[in-house]
Each structure stands twice: as structure tokens, then as C-alpha cells.
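I have placed the structure first, in the form of C-alpha cells, so that the comments after it can refer back to it.
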Amino acid sequence: MINVGFIGAGNMGYAIMKGIAGCAMKNDIQLRAFDVYAPILDRLEEFGTVKCGSSAEVVKACKYVFLAVKPQQLDEVLDEIKSAVTEDTVIVSICAGISDEYIASKTIDGAKVVLVMPNTPLLLGEGATALSKSDSVSDEEFDLVCRIFGACGIYAVIPKDKMKEIIAVNGSSPAFIYLYAQAFVEYAKSVGIDEEVAKSLFAKSLVGSAKMITDSGKSIDELITMVSSKGGTTIAGLEKLREGKLSETVNECCKACTKRAYELSK
């Protein structure tokens, strides 16, 4: 039996545990969890999760320990668990901007650390997760963590030095997409279209467009051309988006996101 523990049982921790509980290896894993807000642990009973009384208790009982807390809470958590971390403990951190070297400096030299940037669609089993690992993590240990996130959607292994840059691409991007969607829904309301109808149609358009990107075999430029008839409505709209410097704005958005990740790492 593999003991997998969670420090933090909020939306992301819950989503990952839900993925584990629904995957093929569920019978080989015993989940344990601690959260400073004890009542939140009650909803984990459906997964057979064992409640722990402290962060240190989770670490002592588990080989794999997920740090599912906000970066601002990390120092306090690391201080609580450092005496319980051993050379066999695999620490899986979803804290944006925090390096494996930093976690090792607060626990033990050569700590085994897997860095993860997931996103909230994990709640629906549609997550997109980026992962990297410290050299001390074995291929077998890393494979288990990858399989856990594969049970919650898709994952990709990226270079460790790009874990801050990837945040804008998959970690924060759902919020950016929601803001974009909100603008279309607000337009629909302004011209007398029912909000729920607009939301449903636009959401399905997002899903379909995403599938075209991943499954059509065409480049994004080719997909834009497929929708755009010369002199038609789409061209008129695209011209306005380009006049508004949409691409440049997205680039600045991503840079700001990455800059904040580096600030959090200090």
C-alpha cells in the first residue's frame, strides 16, 4: 500500500484526491490529509481519506506528501514538517513560484521534490498539469506522481527552470479565459440575448475550438483562416481585436504573471 498525504484539502487538494480515488491504482493508495480548517476534511470521507491531526503527522505516515497550500502559507508548513521529512519523503509542491532548492533549504539537504503546476479544471477531471523534479527523485517515484495527475486530465513534463514561465500558460490561464468569456456574455446581454443561452453557446464554442486545436492537425493560423471569410463578419471582428492589440496585451499579461512568480520565489 502506498501512503499519499495531503497538507491542504482545498479545491486543488480535493481535486487531486478525487482523481486518485477514481483511477486504476486507487486500491494501491491510502490517502491521508490535514487542513487547518478541520471541517473541510469531512468531504474527503467519500475517498476513504484518513484524517490527520497535523502536517507533521501526514509526513510521518506518508512517502508522498502533497503541499496543496498557498505560497504565502508554505514557510509555516515547512517549519512544521522539517523534523519529519526524511531522505525517502517525496514532497509534491503545487505552490506557484517556489523552487525545489527552496523547499530543500527549509527541510533537508537533497530533499526529493516534485514541482507541479496544475489548474482548477482538475475538479472535473479535465486538468492540464506541468511537472518537473529534482535530481534526487527516482524515475519510479516521478512516474507515480505523473500517473496521479494523468488520472485528473493530461500532464506534461517540462524543464525545471521553466516552471515559473508555464504558470501563465496553464495554471493562471483559466482565469484569463473566464474574463474573456465574461466579455462575450456581457455583450450578448447588452443586445437582448439571454445570459444563460449566451453562456452555453460560448462555452461550447470554447470546448469545440480547443478540440480543433488539439485534434484537427491544423496550425492555429490555419484554424483562424477556416473561420474567416474575406469581407465577412469574422474578419471585421478580428480587425478590432488586432487594433486593440490583443496579442500584445496577452503577452504583457503572461509577463506580469511570470514576474509575480519570481517575486513569490524570493
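Ligands are numbered from 1 in the order shown, residues from 1 within each chain, and chains are lettered A, B, ... in the order they appear in the C-alpha cells.
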
Stretch 126-160 of chain A residues near stretch 74-90 of chain A within 9 Å, closest pair each, using only C-alpha atoms, as JSON lines:
{"residue": "A:Val137", "atom": "CA", "partner": "A:Val90", "partner_atom": "CA", "distance": 7.3}
{"residue": "A:Glu141", "atom": "CA", "partner": "A:Val90", "partner_atom": "CA", "distance": 7.7}
{"residue": "A:Phe142", "atom": "CA", "partner": "A:Val90", "partner_atom": "CA", "distance": 9.0}

Prev. selection, N, CA and C atoms, output as a PDB file, in the first residue's frame:
ATOM      1  N   VAL A 137      14.839  12.701  -7.037  1.00  0.00           N
ATOM      2  CA  VAL A 137      13.614  11.910  -7.229  1.00  0.00           C
ATOM      3  C   VAL A 137      13.875  10.832  -8.273  1.00  0.00           C
ATOM      4  N   GLU A 141       9.530   7.011  -8.715  1.00  0.00           N
ATOM      5  CA  GLU A 141       8.767   7.931  -7.859  1.00  0.00           C
ATOM      6  C   GLU A 141       8.083   9.001  -8.694  1.00  0.00           C
ATOM      7  N   PHE A 142       8.797   9.529  -9.661  1.00  0.00           N
ATOM      8  CA  PHE A 142       8.236  10.574 -10.526  1.00  0.00           C
ATOM      9  C   PHE A 142       7.095  10.017 -11.371  1.00  0.00           C
TER      10      PHE A 142
END

When you look at A:Lys26 with a cut-off of 12 Å (counting only C-alpha atoms), what residues show up, excluding the ones that are within fewer than 6 positions of it in the same chain? I need them as a PDB file with N, CA, C and O atoms, in the first residue's frame.
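result.pdb was written with the following content:
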ATOM      1  N   MET A   1       0.843  -1.194   0.000  1.00  0.00           N
ATOM      2  CA  MET A   1       0.000   0.000   0.000  1.00  0.00           C
ATOM      3  C   MET A   1       0.881   1.248   0.000  1.00  0.00           C
ATOM      4  O   MET A   1       1.816   1.343   0.797  1.00  0.00           O
ATOM      5  N   ILE A   2       0.585   2.177  -0.879  1.00  0.00           N
ATOM      6  CA  ILE A   2       1.344   3.423  -0.965  1.00  0.00           C
ATOM      7  C   ILE A   2       0.596   4.500  -0.188  1.00  0.00           C
ATOM      8  O   ILE A   2      -0.585   4.774  -0.451  1.00  0.00           O
ATOM      9  N   ASN A   3       1.266   5.107   0.776  1.00  0.00           N
ATOM     10  CA  ASN A   3       0.653   6.166   1.573  1.00  0.00           C
ATOM     11  C   ASN A   3       0.910   7.525   0.917  1.00  0.00           C
ATOM     12  O   ASN A   3       2.071   7.927   0.737  1.00  0.00           O
ATOM     13  N   VAL A   4      -0.174   8.193   0.547  1.00  0.00           N
ATOM     14  CA  VAL A   4      -0.102   9.501  -0.103  1.00  0.00           C
ATOM     15  C   VAL A   4      -0.827  10.513   0.778  1.00  0.00           C
ATOM     16  O   VAL A   4      -2.012  10.343   1.082  1.00  0.00           O
ATOM     17  N   MET A  17      -7.168  14.447  -4.973  1.00  0.00           N
ATOM     18  CA  MET A  17      -7.621  13.252  -4.264  1.00  0.00           C
ATOM     19  C   MET A  17      -8.788  12.589  -4.991  1.00  0.00           C
ATOM     20  O   MET A  17      -8.885  11.357  -5.042  1.00  0.00           O
ATOM     21  N   LYS A  18      -9.656  13.399  -5.563  1.00  0.00           N
ATOM     22  CA  LYS A  18     -10.773  12.856  -6.336  1.00  0.00           C
ATOM     23  C   LYS A  18     -10.253  12.075  -7.543  1.00  0.00           C
ATOM     24  O   LYS A  18     -10.770  11.005  -7.884  1.00  0.00           O
ATOM     25  N   GLY A  19      -9.214  12.619  -8.185  1.00  0.00           N
ATOM     26  CA  GLY A  19      -8.618  11.929  -9.324  1.00  0.00           C
ATOM     27  C   GLY A  19      -8.014  10.602  -8.922  1.00  0.00           C
ATOM     28  O   GLY A  19      -8.167   9.591  -9.606  1.00  0.00           O
ATOM     29  N   ILE A  20      -7.327  10.579  -7.778  1.00  0.00           N
ATOM     30  CA  ILE A  20      -6.728   9.336  -7.284  1.00  0.00           C
ATOM     31  C   ILE A  20      -7.806   8.307  -6.976  1.00  0.00           C
ATOM     32  O   ILE A  20      -7.695   7.127  -7.331  1.00  0.00           O
ATOM     33  N   PHE A  47     -13.631   9.400  -0.215  1.00  0.00           N
ATOM     34  CA  PHE A  47     -12.434   8.838  -0.826  1.00  0.00           C
ATOM     35  C   PHE A  47     -11.720   7.878   0.124  1.00  0.00           C
ATOM     36  O   PHE A  47     -10.662   7.340  -0.227  1.00  0.00           O
ATOM     37  N   GLY A  48     -12.250   7.690   1.313  1.00  0.00           N
ATOM     38  CA  GLY A  48     -11.595   6.838   2.299  1.00  0.00           C
ATOM     39  C   GLY A  48     -10.346   7.468   2.876  1.00  0.00           C
ATOM     40  O   GLY A  48      -9.438   6.778   3.347  1.00  0.00           O
ATOM     41  N   THR A  49     -10.298   8.809   2.848  1.00  0.00           N
ATOM     42  CA  THR A  49      -9.124   9.525   3.344  1.00  0.00           C
ATOM     43  C   THR A  49      -9.063   9.503   4.865  1.00  0.00           C
ATOM     44  O   THR A  49     -10.057   9.771   5.542  1.00  0.00           O
ATOM     45  N   LEU A 144       4.981   7.721 -10.592  1.00  0.00           N
ATOM     46  CA  LEU A 144       3.761   7.618  -9.792  1.00  0.00           C
ATOM     47  C   LEU A 144       3.046   8.961  -9.710  1.00  0.00           C
ATOM     48  O   LEU A 144       1.828   9.045  -9.885  1.00  0.00           O
ATOM     49  N   ARG A 147       1.397   9.740 -12.991  1.00  0.00           N
ATOM     50  CA  ARG A 147       0.180   8.942 -13.189  1.00  0.00           C
ATOM     51  C   ARG A 147      -0.992   9.493 -12.389  1.00  0.00           C
ATOM     52  O   ARG A 147      -2.145   9.439 -12.840  1.00  0.00           O
ATOM     53  N   ILE A 148      -0.711  10.043 -11.221  1.00  0.00           N
ATOM     54  CA  ILE A 148      -1.772  10.649 -10.413  1.00  0.00           C
ATOM     55  C   ILE A 148      -2.385  11.824 -11.164  1.00  0.00           C
ATOM     56  O   ILE A 148      -3.615  11.953 -11.251  1.00  0.00           O
ATOM     57  N   ALA A 151      -4.491  10.910 -14.091  1.00  0.00           N
ATOM     58  CA  ALA A 151      -5.838  10.454 -13.733  1.00  0.00           C
ATOM     59  C   ALA A 151      -6.803  11.621 -13.605  1.00  0.00           C
ATOM     60  O   ALA A 151      -8.022  11.428 -13.542  1.00  0.00           O
TER      61      ALA A 151
END

Give me, as JSON, numbers by chain, all polymer residues having an atom no more than 8 Å from A:Ser265, counting only C-alpha atoms and skipping those fewer than 3 positions away in the same chain.
{"A": [97, 98, 99, 261, 262]}

Write out as a list in words each polymer residue whose atoms come within 10 Å of A:Lys160, counting only C-alpha atoms; drop sequence neighbours fewer than 5 positions from it.
Ser99, Asp100, Val114, Leu115, Val116, Ala130, Leu131, Ser132, Lys133 and Ser134 of chain A

Based on the selection just made, write all heavy atoms of those residues as a compact mmCIF listing (two decimals), in the first residue's frame.
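Dumped to part_34.txt:
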# COMPACT_ATOMS: atom_id res chain seq x y z
N SER A 99 10.75 27.07 -5.69
CA SER A 99 11.69 26.12 -6.28
C SER A 99 11.93 24.92 -5.38
O SER A 99 11.67 24.96 -4.17
CB SER A 99 13.03 26.81 -6.57
OG SER A 99 13.68 27.13 -5.34
N ASP A 100 12.46 23.86 -5.97
CA ASP A 100 12.81 22.68 -5.18
C ASP A 100 13.98 22.99 -4.25
O ASP A 100 14.06 22.46 -3.13
CB ASP A 100 13.14 21.50 -6.10
CG ASP A 100 14.27 21.78 -7.07
OD1 ASP A 100 14.40 22.94 -7.50
OD2 ASP A 100 15.02 20.85 -7.42
N VAL A 114 9.03 17.21 -6.18
CA VAL A 114 8.38 17.28 -7.50
C VAL A 114 7.61 18.59 -7.53
O VAL A 114 6.79 18.86 -6.65
CB VAL A 114 7.42 16.10 -7.73
CG1 VAL A 114 6.71 16.27 -9.08
CG2 VAL A 114 8.18 14.78 -7.70
N LEU A 115 7.92 19.42 -8.53
CA LEU A 115 7.22 20.69 -8.69
C LEU A 115 6.07 20.50 -9.67
O LEU A 115 6.24 19.89 -10.74
CB LEU A 115 8.17 21.77 -9.23
CG LEU A 115 9.38 22.07 -8.35
CD1 LEU A 115 10.27 23.11 -9.02
CD2 LEU A 115 8.96 22.56 -6.97
N VAL A 116 4.90 21.01 -9.31
CA VAL A 116 3.70 20.79 -10.10
C VAL A 116 2.96 22.10 -10.30
O VAL A 116 2.78 22.88 -9.37
CB VAL A 116 2.75 19.78 -9.39
CG1 VAL A 116 1.48 19.58 -10.20
CG2 VAL A 116 3.46 18.45 -9.17
N ALA A 130 1.59 20.73 -15.47
CA ALA A 130 3.01 20.70 -15.83
C ALA A 130 3.81 20.21 -14.63
O ALA A 130 3.51 20.58 -13.49
CB ALA A 130 3.48 22.09 -16.25
N LEU A 131 4.81 19.37 -14.87
CA LEU A 131 5.62 18.81 -13.78
C LEU A 131 7.10 18.84 -14.10
O LEU A 131 7.50 18.74 -15.28
CB LEU A 131 5.23 17.35 -13.50
CG LEU A 131 3.80 16.99 -13.16
CD1 LEU A 131 3.06 16.49 -14.40
CD2 LEU A 131 3.76 15.90 -12.09
N SER A 132 7.90 18.93 -13.04
CA SER A 132 9.35 18.73 -13.14
C SER A 132 9.81 18.16 -11.80
O SER A 132 9.04 18.12 -10.85
CB SER A 132 10.08 20.04 -13.45
OG SER A 132 9.93 20.95 -12.37
N LYS A 133 11.06 17.71 -11.73
CA LYS A 133 11.52 17.08 -10.49
C LYS A 133 12.96 17.44 -10.18
O LYS A 133 13.73 17.81 -11.07
CB LYS A 133 11.39 15.56 -10.59
CG LYS A 133 12.39 14.88 -11.51
CD LYS A 133 12.20 13.38 -11.52
CE LYS A 133 13.25 12.66 -12.36
NZ LYS A 133 14.60 12.69 -11.73
N SER A 134 13.30 17.31 -8.91
CA SER A 134 14.69 17.46 -8.51
C SER A 134 15.43 16.17 -8.87
O SER A 134 14.82 15.11 -9.06
CB SER A 134 14.79 17.72 -7.00
OG SER A 134 14.22 16.66 -6.26

With distances taken over only C-alpha atoms, which of A:Ile7, A:Cys253, A:Val50, A:Ala21 is nearest to A:Asp35?
A:Ile7
